[in-house]
$ cat coords-v3.cif   # mmCIF, C-alpha atoms
data_data
loop_
_atom_site.label_atom_id
_atom_site.label_comp_id
_atom_site.auth_asym_id
_atom_site.auth_seq_id
_atom_site.Cartn_x
_atom_site.Cartn_y
_atom_site.Cartn_z
CA MET A 1 14.24 -53.77 57.47
CA GLU A 2 14.12 -57.34 56.18
CA ILE A 3 13.81 -56.35 52.54
CA GLU A 4 16.97 -54.23 52.62
CA LYS A 5 18.89 -56.96 54.42
CA ILE A 6 18.40 -59.39 51.56
CA TYR A 7 18.08 -57.10 48.56
CA GLY A 8 20.73 -54.60 49.60
CA ASP A 9 23.15 -56.98 47.94
CA LEU A 10 21.33 -59.44 45.71
CA PRO A 11 22.90 -62.87 46.32
CA ILE A 12 24.17 -64.97 43.44
CA ILE A 13 22.36 -68.30 43.09
CA GLU A 14 23.74 -71.14 41.01
CA THR A 15 21.66 -74.01 39.66
CA GLU A 16 22.77 -76.95 37.56
CA ARG A 17 22.69 -75.14 34.22
CA LEU A 18 22.15 -71.51 35.22
CA ILE A 19 23.51 -68.62 37.23
CA LEU A 20 21.21 -66.05 38.82
CA ARG A 21 22.93 -62.72 39.31
CA LYS A 22 22.31 -59.00 38.98
CA VAL A 23 21.20 -57.59 35.65
CA THR A 24 23.81 -55.21 34.18
CA ILE A 25 24.06 -52.68 31.35
CA GLU A 26 25.94 -55.31 29.35
CA ASP A 27 22.79 -57.47 29.25
CA ILE A 28 20.75 -54.97 27.23
CA GLU A 29 21.49 -56.57 23.88
CA ASP A 30 20.66 -60.11 24.97
CA MET A 31 17.57 -58.90 26.79
CA HIS A 32 16.37 -57.04 23.72
CA LEU A 33 16.46 -60.28 21.73
CA TYR A 34 13.65 -61.73 23.81
CA GLY A 35 12.06 -58.44 24.92
CA SER A 36 11.33 -57.60 21.28
CA ASP A 37 9.97 -61.08 20.55
CA GLU A 38 6.19 -60.91 20.26
CA GLU A 39 5.76 -64.54 21.15
CA VAL A 40 7.66 -64.07 24.42
CA SER A 41 5.69 -60.97 25.41
CA LYS A 42 2.33 -62.26 24.19
CA TYR A 43 0.95 -63.11 27.63
CA VAL A 44 2.85 -60.71 29.88
CA THR A 45 1.79 -57.32 31.17
CA TRP A 46 4.58 -55.35 29.52
CA ASN A 47 4.61 -54.30 25.90
CA THR A 48 6.94 -55.86 23.35
CA HIS A 49 10.13 -53.79 23.25
CA GLU A 50 10.09 -51.77 20.03
CA THR A 51 13.58 -50.34 20.22
CA ILE A 52 16.76 -50.96 22.18
CA SER A 53 15.92 -47.89 24.28
CA ASP A 54 12.78 -49.65 25.62
CA THR A 55 15.06 -52.41 26.87
CA LYS A 56 17.54 -49.89 28.22
CA GLY A 57 14.69 -48.21 30.09
CA PHE A 58 13.78 -51.49 31.78
CA VAL A 59 17.40 -52.23 32.74
CA GLU A 60 17.69 -48.75 34.25
CA PHE A 61 14.50 -49.40 36.21
CA VAL A 62 16.08 -52.59 37.58
CA LEU A 63 19.41 -50.90 38.41
CA ASP A 64 17.47 -48.27 40.30
CA LYS A 65 15.85 -51.01 42.37
CA TYR A 66 19.28 -52.46 43.23
CA GLU A 67 20.46 -48.99 44.18
CA ASN A 68 17.46 -48.45 46.47
CA LYS A 69 17.69 -51.92 48.03
CA GLN A 70 14.20 -52.85 46.88
CA VAL A 71 12.86 -56.28 45.96
CA SER A 72 14.46 -56.73 42.55
CA PRO A 73 14.94 -59.24 39.74
CA TRP A 74 17.74 -61.68 39.13
CA GLY A 75 19.16 -61.98 35.65
CA ILE A 76 19.36 -65.56 34.36
CA GLU A 77 22.60 -66.54 32.66
CA TYR A 78 22.99 -69.81 30.75
CA LYS A 79 26.25 -71.33 31.95
CA GLU A 80 27.08 -73.20 28.77
CA ASN A 81 27.35 -70.12 26.54
CA GLY A 82 27.32 -67.21 29.01
CA LYS A 83 24.20 -65.74 27.40
CA PHE A 84 21.72 -63.67 29.35
CA ILE A 85 18.42 -65.46 28.72
CA GLY A 86 15.81 -64.06 31.10
CA THR A 87 14.86 -62.73 34.50
CA ILE A 88 13.07 -64.05 37.57
CA ASP A 89 11.93 -62.14 40.61
CA PHE A 90 9.66 -61.68 43.55
CA VAL A 91 7.24 -59.13 42.16
CA TRP A 92 6.05 -58.24 45.65
CA TRP A 93 6.75 -59.35 49.22
CA GLN A 94 4.64 -58.79 52.34
CA PRO A 95 6.93 -59.62 55.27
CA ASN A 96 4.11 -59.18 57.82
CA HIS A 97 2.11 -62.00 56.22
CA LYS A 98 5.18 -63.89 54.98
CA THR A 99 3.75 -64.02 51.49
CA ALA A 100 5.17 -63.12 48.09
CA GLU A 101 4.66 -63.61 44.37
CA ILE A 102 7.14 -64.69 41.72
CA GLY A 103 7.31 -63.80 38.05
CA TYR A 104 9.68 -64.79 35.24
CA VAL A 105 10.48 -64.44 31.57
CA ILE A 106 12.79 -66.50 29.42
CA SER A 107 14.05 -66.26 25.85
CA LYS A 108 12.15 -68.46 23.38
CA ASP A 109 15.38 -70.13 22.26
CA TYR A 110 15.54 -71.72 25.69
CA TRP A 111 11.94 -72.86 26.06
CA GLY A 112 11.10 -76.51 26.55
CA GLU A 113 14.26 -77.53 28.37
CA GLY A 114 13.00 -77.15 31.93
CA LEU A 115 15.25 -74.16 32.56
CA THR A 116 12.51 -71.94 33.98
CA THR A 117 11.38 -74.74 36.29
CA GLU A 118 15.00 -75.13 37.40
CA VAL A 119 15.28 -71.47 38.45
CA ALA A 120 11.73 -71.27 39.80
CA LYS A 121 12.45 -74.17 42.16
CA ASP A 122 15.56 -72.48 43.49
CA ILE A 123 13.87 -69.11 43.88
CA ILE A 124 11.02 -70.78 45.78
CA LYS A 125 13.55 -72.46 48.05
CA PHE A 126 15.28 -69.12 48.55
CA GLY A 127 11.94 -67.55 49.44
CA PHE A 128 11.14 -70.10 52.10
CA GLU A 129 14.62 -70.38 53.55
CA LYS A 130 16.06 -66.87 53.31
CA MET A 131 12.97 -64.66 53.19
CA ASP A 132 11.09 -66.77 55.74
CA LEU A 133 7.96 -66.99 53.60
CA VAL A 134 5.07 -69.36 54.26
CA ARG A 135 3.35 -68.86 50.91
CA ILE A 136 4.60 -68.08 47.40
CA GLN A 137 2.15 -67.46 44.60
CA ALA A 138 2.36 -66.97 40.85
CA ARG A 139 -0.15 -65.90 38.22
CA CYS A 140 -0.33 -66.26 34.47
CA ASP A 141 -2.75 -65.73 31.60
CA VAL A 142 -5.02 -68.80 31.26
CA GLU A 143 -3.77 -69.17 27.69
CA ASN A 144 -0.14 -69.22 28.77
CA ILE A 145 0.18 -72.98 29.00
CA GLY A 146 3.98 -72.97 29.22
CA SER A 147 4.01 -70.72 32.24
CA ALA A 148 1.32 -72.74 34.02
CA ARG A 149 3.38 -75.89 33.36
CA VAL A 150 6.39 -74.27 35.03
CA MET A 151 4.28 -73.51 38.10
CA GLU A 152 3.03 -77.09 38.25
CA LYS A 153 6.47 -78.60 37.75
CA ALA A 154 7.90 -76.30 40.40
CA GLY A 155 5.44 -77.90 42.85
CA MET A 156 2.79 -75.21 42.96
CA SER A 157 -0.92 -75.98 43.27
CA PHE A 158 -3.68 -74.40 41.21
CA GLU A 159 -5.97 -72.25 43.36
CA GLY A 160 -8.36 -70.65 40.94
CA ILE A 161 -8.98 -68.32 38.05
CA ILE A 162 -9.11 -64.57 38.54
CA ARG A 163 -11.74 -63.86 35.92
CA LYS A 164 -11.04 -60.81 33.77
CA GLY A 165 -8.47 -59.80 36.37
CA ILE A 166 -6.34 -57.78 34.01
CA PHE A 167 -6.76 -55.63 30.91
CA VAL A 168 -3.76 -56.07 28.64
CA LYS A 169 -3.27 -55.56 24.95
CA GLY A 170 -6.88 -54.64 24.34
CA LYS A 171 -8.54 -57.48 26.21
CA HIS A 172 -9.82 -58.33 29.70
CA ARG A 173 -7.92 -61.50 30.49
CA ASP A 174 -8.45 -64.37 32.90
CA LEU A 175 -5.50 -65.24 35.13
CA LYS A 176 -4.64 -68.57 36.73
CA ILE A 177 -3.29 -68.39 40.25
CA TYR A 178 -0.99 -71.00 41.76
CA SER A 179 0.79 -71.23 45.10
CA ILE A 180 3.16 -73.34 47.12
CA LEU A 181 3.33 -73.39 50.92
CA LYS A 182 6.47 -73.82 52.97
CA GLU A 183 5.14 -77.09 54.41
CA GLU A 184 4.83 -78.48 50.86
CA LEU A 185 8.34 -77.63 49.71
CA TYR A 186 10.07 -80.80 50.73
CA LEU A 187 7.15 -83.00 49.74
CA ASN A 188 7.53 -81.78 46.19
CA ASN A 189 11.27 -81.72 45.90
CA THR A 190 11.89 -85.30 46.99
CA MET B 191 -23.24 -38.22 47.43
CA ARG B 192 -26.11 -40.37 48.64
CA LEU B 193 -27.09 -43.77 47.29
CA GLU B 194 -30.37 -45.33 48.34
CA SER B 195 -32.34 -48.53 48.52
CA GLU B 196 -35.56 -49.55 50.23
CA ARG B 197 -34.40 -49.50 53.85
CA LEU B 198 -30.92 -48.03 53.58
CA TYR B 199 -28.84 -45.20 52.28
CA LEU B 200 -25.10 -44.86 51.82
CA ARG B 201 -23.31 -41.58 52.48
CA PRO B 202 -19.60 -40.73 52.57
CA LEU B 203 -17.88 -41.75 55.77
CA CYS B 204 -17.20 -38.79 58.06
CA GLU B 205 -15.37 -38.01 61.28
CA LEU B 206 -18.52 -38.50 63.36
CA ASP B 207 -18.46 -42.20 62.40
CA ALA B 208 -15.12 -42.69 64.14
CA PRO B 209 -16.50 -43.81 67.55
CA ILE B 210 -18.63 -46.55 65.96
CA MET B 211 -15.70 -47.71 63.87
CA LEU B 212 -13.55 -47.77 66.99
CA GLU B 213 -16.06 -50.08 68.65
CA ASN B 214 -15.86 -52.42 65.66
CA THR B 215 -12.12 -52.67 66.04
CA ILE B 216 -12.57 -53.77 69.65
CA ASP B 217 -15.30 -56.39 69.13
CA GLU B 218 -13.51 -59.76 69.18
CA GLU B 219 -15.80 -61.45 66.67
CA ILE B 220 -15.63 -58.59 64.21
CA ARG B 221 -11.85 -58.51 64.60
CA TYR B 222 -11.70 -62.21 63.76
CA MET B 223 -13.95 -61.86 60.72
CA THR B 224 -12.23 -58.80 59.29
CA GLY B 225 -8.66 -59.84 60.08
CA THR B 226 -7.91 -56.89 62.32
CA ASN B 227 -4.58 -57.45 64.04
CA SER B 228 -3.83 -53.99 65.38
CA ILE B 229 -5.24 -51.88 68.17
CA PHE B 230 -6.36 -48.42 67.03
CA SER B 231 -7.01 -45.19 68.90
CA LEU B 232 -9.90 -42.84 68.17
CA GLU B 233 -7.41 -40.31 66.82
CA GLN B 234 -5.96 -42.85 64.39
CA ILE B 235 -9.40 -43.70 63.07
CA LYS B 236 -10.25 -40.02 62.67
CA SER B 237 -7.11 -39.35 60.71
CA HIS B 238 -7.72 -42.48 58.62
CA ILE B 239 -11.17 -41.13 57.69
CA GLU B 240 -9.62 -37.77 56.86
CA ASN B 241 -6.93 -39.37 54.68
CA ILE B 242 -9.21 -41.59 52.63
CA LYS B 243 -11.48 -38.63 51.88
CA HIS B 244 -8.77 -37.30 49.59
CA ASP B 245 -7.85 -40.65 48.06
CA SER B 246 -9.16 -40.86 44.51
CA SER B 247 -8.56 -44.62 44.32
CA ARG B 248 -11.39 -45.37 46.72
CA TYR B 249 -14.91 -44.65 47.97
CA ASP B 250 -15.83 -45.19 51.61
CA PHE B 251 -19.45 -45.15 52.64
CA ALA B 252 -21.36 -45.33 55.90
CA ILE B 253 -24.38 -47.64 55.72
CA CYS B 254 -27.36 -45.97 57.42
CA LEU B 255 -30.95 -46.89 58.21
CA LYS B 256 -33.47 -44.64 56.51
CA ASN B 257 -35.86 -44.78 59.47
CA THR B 258 -33.51 -43.70 62.20
CA ASP B 259 -30.37 -42.42 60.42
CA GLU B 260 -28.45 -44.88 62.57
CA MET B 261 -25.07 -45.83 61.09
CA ILE B 262 -25.07 -49.64 61.03
CA GLY B 263 -21.90 -50.39 59.13
CA GLU B 264 -19.43 -49.21 56.56
CA LEU B 265 -17.99 -50.38 53.29
CA SER B 266 -15.25 -49.49 50.84
CA ILE B 267 -14.52 -49.74 47.18
CA PHE B 268 -10.74 -49.51 47.02
CA ASP B 269 -7.78 -50.03 44.70
CA ILE B 270 -9.88 -48.65 41.87
CA ASP B 271 -7.86 -49.64 38.85
CA GLU B 272 -8.95 -47.69 35.78
CA GLU B 273 -6.57 -49.54 33.51
CA ASN B 274 -7.92 -52.98 34.32
CA LYS B 275 -11.41 -51.64 35.09
CA LYS B 276 -11.60 -53.35 38.44
CA ALA B 277 -11.71 -52.60 42.15
CA GLY B 278 -11.62 -54.28 45.53
CA PHE B 279 -14.53 -54.38 47.95
CA ARG B 280 -14.98 -54.79 51.70
CA ILE B 281 -17.89 -54.36 54.07
CA SER B 282 -18.27 -54.50 57.81
CA MET B 283 -21.42 -54.30 59.90
CA ALA B 284 -21.18 -52.36 63.15
CA SER B 285 -22.19 -55.31 65.31
CA ILE B 286 -22.99 -58.97 64.99
CA SER B 287 -26.56 -58.24 66.19
CA LEU B 288 -27.13 -56.30 62.96
CA THR B 289 -26.37 -59.30 60.77
CA GLY B 290 -28.96 -61.72 59.44
CA LYS B 291 -31.45 -59.00 58.53
CA GLY B 292 -30.41 -58.63 54.91
CA TYR B 293 -28.91 -55.16 55.45
CA GLY B 294 -25.50 -56.21 54.19
CA THR B 295 -27.02 -57.78 51.09
CA GLU B 296 -29.06 -54.66 50.44
CA ALA B 297 -26.01 -52.42 50.80
CA ILE B 298 -23.93 -54.59 48.47
CA LYS B 299 -26.64 -54.42 45.83
CA ILE B 300 -26.47 -50.61 45.93
CA ILE B 301 -22.71 -50.84 45.50
CA LEU B 302 -22.90 -53.25 42.58
CA SER B 303 -25.00 -50.84 40.55
CA PHE B 304 -22.74 -47.94 41.57
CA VAL B 305 -19.61 -49.83 40.54
CA PHE B 306 -20.84 -51.25 37.27
CA GLU B 307 -23.18 -48.50 36.09
CA GLN B 308 -21.73 -45.27 37.46
CA LEU B 309 -18.05 -46.12 37.72
CA GLN B 310 -18.28 -48.36 34.64
CA LEU B 311 -15.96 -50.97 36.05
CA ASN B 312 -15.79 -54.48 34.71
CA ARG B 313 -14.89 -56.51 37.81
CA LEU B 314 -15.33 -56.19 41.57
CA GLN B 315 -13.29 -58.52 43.74
CA LEU B 316 -13.15 -59.32 47.42
CA GLU B 317 -11.30 -61.58 49.78
CA VAL B 318 -13.08 -63.16 52.73
CA PHE B 319 -11.72 -65.47 55.40
CA SER B 320 -12.77 -69.09 54.94
CA HIS B 321 -14.08 -68.97 58.54
CA ASN B 322 -16.47 -66.09 57.75
CA LEU B 323 -19.37 -68.27 56.63
CA ARG B 324 -22.01 -65.58 57.08
CA GLY B 325 -20.03 -63.23 54.87
CA ILE B 326 -19.48 -65.86 52.19
CA ARG B 327 -23.19 -66.64 52.12
CA ALA B 328 -24.09 -62.97 51.68
CA TYR B 329 -21.54 -62.48 48.88
CA GLU B 330 -22.74 -65.53 47.00
CA LYS B 331 -26.34 -64.43 47.41
CA VAL B 332 -25.72 -61.15 45.59
CA GLY B 333 -23.83 -62.85 42.79
CA PHE B 334 -20.14 -63.01 43.71
CA ILE B 335 -18.55 -66.17 42.37
CA LYS B 336 -15.91 -68.04 44.36
CA GLU B 337 -12.75 -68.13 42.26
CA GLY B 338 -10.46 -70.02 44.57
CA VAL B 339 -8.77 -70.28 47.94
CA LEU B 340 -5.62 -68.28 48.70
CA ARG B 341 -4.04 -70.74 51.10
CA GLN B 342 -2.21 -69.31 54.15
CA SER B 343 -2.18 -65.87 52.67
CA PHE B 344 -2.89 -63.98 55.88
CA THR B 345 -1.42 -64.11 59.38
CA LEU B 346 -4.12 -63.67 62.00
#
$ encode --input "coords-v3.cif" --output "structure tokens"
Amino acid sequence: MEIEKIYGDLPIIETERLILRKVTIEDIEDMHLYGSDEEVSKYVTWNTHETISDTKGFVEFVLDKYENKQVSPWGIEYKENGKFIGTIDFVWWQPNHKTAEIGYVISKDYWGEGLTTEVAKDIIKFGFEKMDLVRIQARCDVENIGSARVMEKAGMSFEGIIRKGIFVKGKHRDLKIYSILKEELYLNNT
Amino acid sequence: MRLESERLYLRPLCELDAPIMLENTIDEEIRYMTGTNSIFSLEQIKSHIENIKHDSSRYDFAICLKNTDEMIGELSIFDIDEENKKAGFRISMASISLTGKGYGTEAIKIILSFVFEQLQLNRLQLEVFSHNLRGIRAYEKVGFIKEGVLRQSFTL
């Protein structure tokens, strides 16, 4: 099975300023800093972490995915200070169609420095080269301008708006959908 | 359950519909329009019908002519998502010769009132191949709005 081959042992990926590696129990505290931040979780599907045990619950969910060799998230570590500042992952993967979707979250303290774009670009490259994808998509709330900017800067093209595609935090929300195709990868990175 | 319109009625799909559905999976044009890659046996289709009967996340209906009781197509509401109040939709006519008579449009209209009034959903979505112009025309006619193009999202 292709998924097990790659996710049986999540590979470490290093970018200029960041290291992508497995999430561990030791990351709970750092993760809670942004998981409990209402501004960070404003546009995402999960609820703001109320207590440290909410964060622990998510980390256990991730560890379980590693254990079962499922498609699972990378933790994002900031090289300069060794802090755990976010996660990025393929939220689903359909090997038969060679398509997948990415999702990410990053601590507010690290917004505006192009860090998410830096990891998104490398994850996209990983998807095309190691997972043999032809299409990678991403979605975000139409009001989440920062996330849409990451998608654009990572070379993705806007495809449309999924109107009232999701009901989160008391509201039917519109989602923007972006994608990048394998044939576009090198056009955008040069 | 039976849902009706002027010329048509919808009833739950049953095992007796399997031979007609098998024919659809063999017809080259229908295969191309519906994105059918696999070859199915009659037994597989029968067990598929049996399985979806017990699946609470979907409704599968046969589209029948009131006059003759002939089954002329089938449709599904699937991935019913109570949390987000939405569902997916697909429809397939039993042969190309049955298209162009407004039957598909009539069946979809029945479904729209079922989905929004009875199921109380907020959004019904569908994906159609860009090469299925007849389908796209029918969907737009009944009020579906094109939201975008999912480029290279399907291997066919």
$ resolve_selection --input "coords-v3.cif" --expression "the PyMOL selection byres ((chain B and resi 202) around 8)" --output "list in words"
Met191, Arg192, Leu200, Arg201, Leu203, Cys204, Tyr249, Asp250, Phe251 and Ala252 of chain B
$ residues_around --input "coords-v3.cif" --residues "segment 105-117 of chain A" --least-positions-apart "2" --cutoff "10 Å" --atoms "all atoms listed in the file" --output "PyMOL selection string"
chain A and resi 15-18+30-35+37+39-41+44+75-76+78+84-89+103+119-123+146-147+149-155
$ resolve_selection --input "coords-v3.cif" --expression "the PyMOL selection byres ((chain B) within 7 of (chain A))" --output "PyMOL selection string"
chain B and resi 273-274+337-340+342-345
$ residues_around --input "coords-v3.cif" --residues "segment 210-217 of chain B" --least-positions-apart "3" --cutoff "10 Å" --atoms "all atoms listed in the file" --output "number ranges by chain"
B: 206-207, 220-222, 224-236, 261-264, 282-286
$ residues_around --input "coords-v3.cif" --residues "Val142 of chain A" --least-positions-apart "2" --cutoff "6 Å" --atoms "all atoms listed in the file" --output "PyMOL selection string"
chain A and resi 144+174-176
$ write_last_selection --input "coords-v3.cif" --atoms "C-alpha atoms" --output "JSON list (two decimals), keeping the file's coordinate frame"
[["chain", "number", "residue", "atom", "x", "y", "z"],
["A", 144, "ASN", "CA", -0.14, -69.22, 28.77],
["A", 174, "ASP", "CA", -8.45, -64.37, 32.90],
["A", 175, "LEU", "CA", -5.50, -65.24, 35.13],
["A", 176, "LYS", "CA", -4.64, -68.57, 36.73]]
$ atom_distance --input "coords-v3.cif" --atom1 "atom CA of Phe90 of chain A" --atom2 "atom CA of Ile28 of chain A"
20.8 Å
$ atom_distance --input "coords-v3.cif" --atom1 "atom CA of Leu20 of chain A" --atom2 "atom CA of Val62 of chain A"
14.5 Å
$ resolve_selection --input "coords-v3.cif" --expression "the PyMOL selection byres ((chain B and resi 278) around 12)" --output "ChimeraX atom specification"
/A:165 /B:247-250,265-271,274-277,279-281,301-302,305,311-318
$ atom_distance --input "coords-v3.cif" --atom1 "atom CA of Ser303 of chain B" --atom2 "atom CA of Tyr199 of chain B"
13.6 Å
$ residues_around --input "coords-v3.cif" --residues "Lys22 of chain A" --least-positions-apart "6" --cutoff "10 Å" --atoms "only C-alpha atoms" --output "ChimeraX atom specification"
/A:9-12,62-63,66,72-77,87
$ closest_residue --input "coords-v3.cif" --among "B:Glu240, B:His321, B:Cys254, B:Leu193" --to "Gly294 of chain B" --atoms "only C-alpha atoms"
B:Cys254
$ decode --input "coords-v3.cif" --residues "segment 307-328 of chain B" --atoms "N, CA and C atoms" --output "JSON list (two decimals), in the first residue's frame"
[["chain", "number", "residue", "atom", "x", "y", "z"],
["B", 307, "GLU", "N", -36.84, 20.74, 1.51],
["B", 307, "GLU", "CA", -38.03, 20.83, 2.35],
["B", 307, "GLU", "C", -38.14, 19.67, 3.33],
["B", 308, "GLN", "N", -37.96, 18.44, 2.84],
["B", 308, "GLN", "CA", -38.11, 17.31, 3.77],
["B", 308, "GLN", "C", -36.86, 17.07, 4.59],
["B", 309, "LEU", "N", -35.72, 17.00, 3.92],
["B", 309, "LEU", "CA", -34.48, 16.75, 4.67],
["B", 309, "LEU", "C", -33.96, 18.02, 5.35],
["B", 310, "GLN", "N", -34.46, 19.16, 4.94],
["B", 310, "GLN", "CA", -34.07, 20.44, 5.55],
["B", 310, "GLN", "C", -32.57, 20.71, 5.43],
["B", 311, "LEU", "N", -32.01, 20.34, 4.29],
["B", 311, "LEU", "CA", -30.59, 20.64, 4.08],
["B", 311, "LEU", "C", -30.46, 22.06, 3.54],
["B", 312, "ASN", "N", -29.22, 22.53, 3.54],
["B", 312, "ASN", "CA", -28.96, 23.91, 3.17],
["B", 312, "ASN", "C", -28.24, 24.02, 1.83],
["B", 313, "ARG", "N", -27.60, 22.90, 1.41],
["B", 313, "ARG", "CA", -26.76, 22.94, 0.21],
["B", 313, "ARG", "C", -26.74, 21.56, -0.43],
["B", 314, "LEU", "N", -26.90, 21.53, -1.77],
["B", 314, "LEU", "CA", -26.76, 20.27, -2.50],
["B", 314, "LEU", "C", -25.68, 20.50, -3.54],
["B", 315, "GLN", "N", -24.68, 19.62, -3.56],
["B", 315, "GLN", "CA", -23.56, 19.85, -4.48],
["B", 315, "GLN", "C", -23.38, 18.67, -5.40],
["B", 316, "LEU", "N", -22.83, 18.94, -6.57],
["B", 316, "LEU", "CA", -22.53, 17.85, -7.49],
["B", 316, "LEU", "C", -21.28, 18.18, -8.27],
["B", 317, "GLU", "N", -20.65, 17.12, -8.77],
["B", 317, "GLU", "CA", -19.51, 17.29, -9.65],
["B", 317, "GLU", "C", -19.89, 16.66, -10.99],
["B", 318, "VAL", "N", -19.54, 17.33, -12.05],
["B", 318, "VAL", "CA", -19.87, 16.83, -13.39],
["B", 318, "VAL", "C", -18.62, 17.02, -14.25],
["B", 319, "PHE", "N", -18.36, 16.07, -15.14],
["B", 319, "PHE", "CA", -17.19, 16.23, -16.01],
["B", 319, "PHE", "C", -17.41, 17.41, -16.96],
["B", 320, "SER", "N", -16.33, 18.13, -17.23],
["B", 320, "SER", "CA", -16.44, 19.28, -18.13],
["B", 320, "SER", "C", -16.88, 18.85, -19.53],
["B", 321, "HIS", "N", -16.69, 17.55, -19.87],
["B", 321, "HIS", "CA", -17.11, 17.09, -21.20],
["B", 321, "HIS", "C", -18.60, 16.67, -21.23],
["B", 322, "ASN", "N", -19.25, 16.69, -20.09],
["B", 322, "ASN", "CA", -20.68, 16.30, -20.06],
["B", 322, "ASN", "C", -21.57, 17.53, -20.22],
["B", 323, "LEU", "N", -21.61, 18.03, -21.44],
["B", 323, "LEU", "CA", -22.30, 19.31, -21.69],
["B", 323, "LEU", "C", -23.80, 19.21, -21.46],
["B", 324, "ARG", "N", -24.38, 18.05, -21.82],
["B", 324, "ARG", "CA", -25.81, 17.86, -21.65],
["B", 324, "ARG", "C", -26.16, 17.91, -20.16],
["B", 325, "GLY", "N", -25.33, 17.24, -19.36],
["B", 325, "GLY", "CA", -25.54, 17.25, -17.92],
["B", 325, "GLY", "C", -25.45, 18.66, -17.35],
["B", 326, "ILE", "N", -24.41, 19.36, -17.73],
["B", 326, "ILE", "CA", -24.20, 20.72, -17.22],
["B", 326, "ILE", "C", -25.40, 21.61, -17.54],
["B", 327, "ARG", "N", -25.90, 21.47, -18.76],
["B", 327, "ARG", "CA", -27.05, 22.28, -19.17],
["B", 327, "ARG", "C", -28.26, 21.98, -18.29],
["B", 328, "ALA", "N", -28.49, 20.69, -18.05],
["B", 328, "ALA", "CA", -29.64, 20.31, -17.21],
["B", 328, "ALA", "C", -29.49, 20.85, -15.80]]
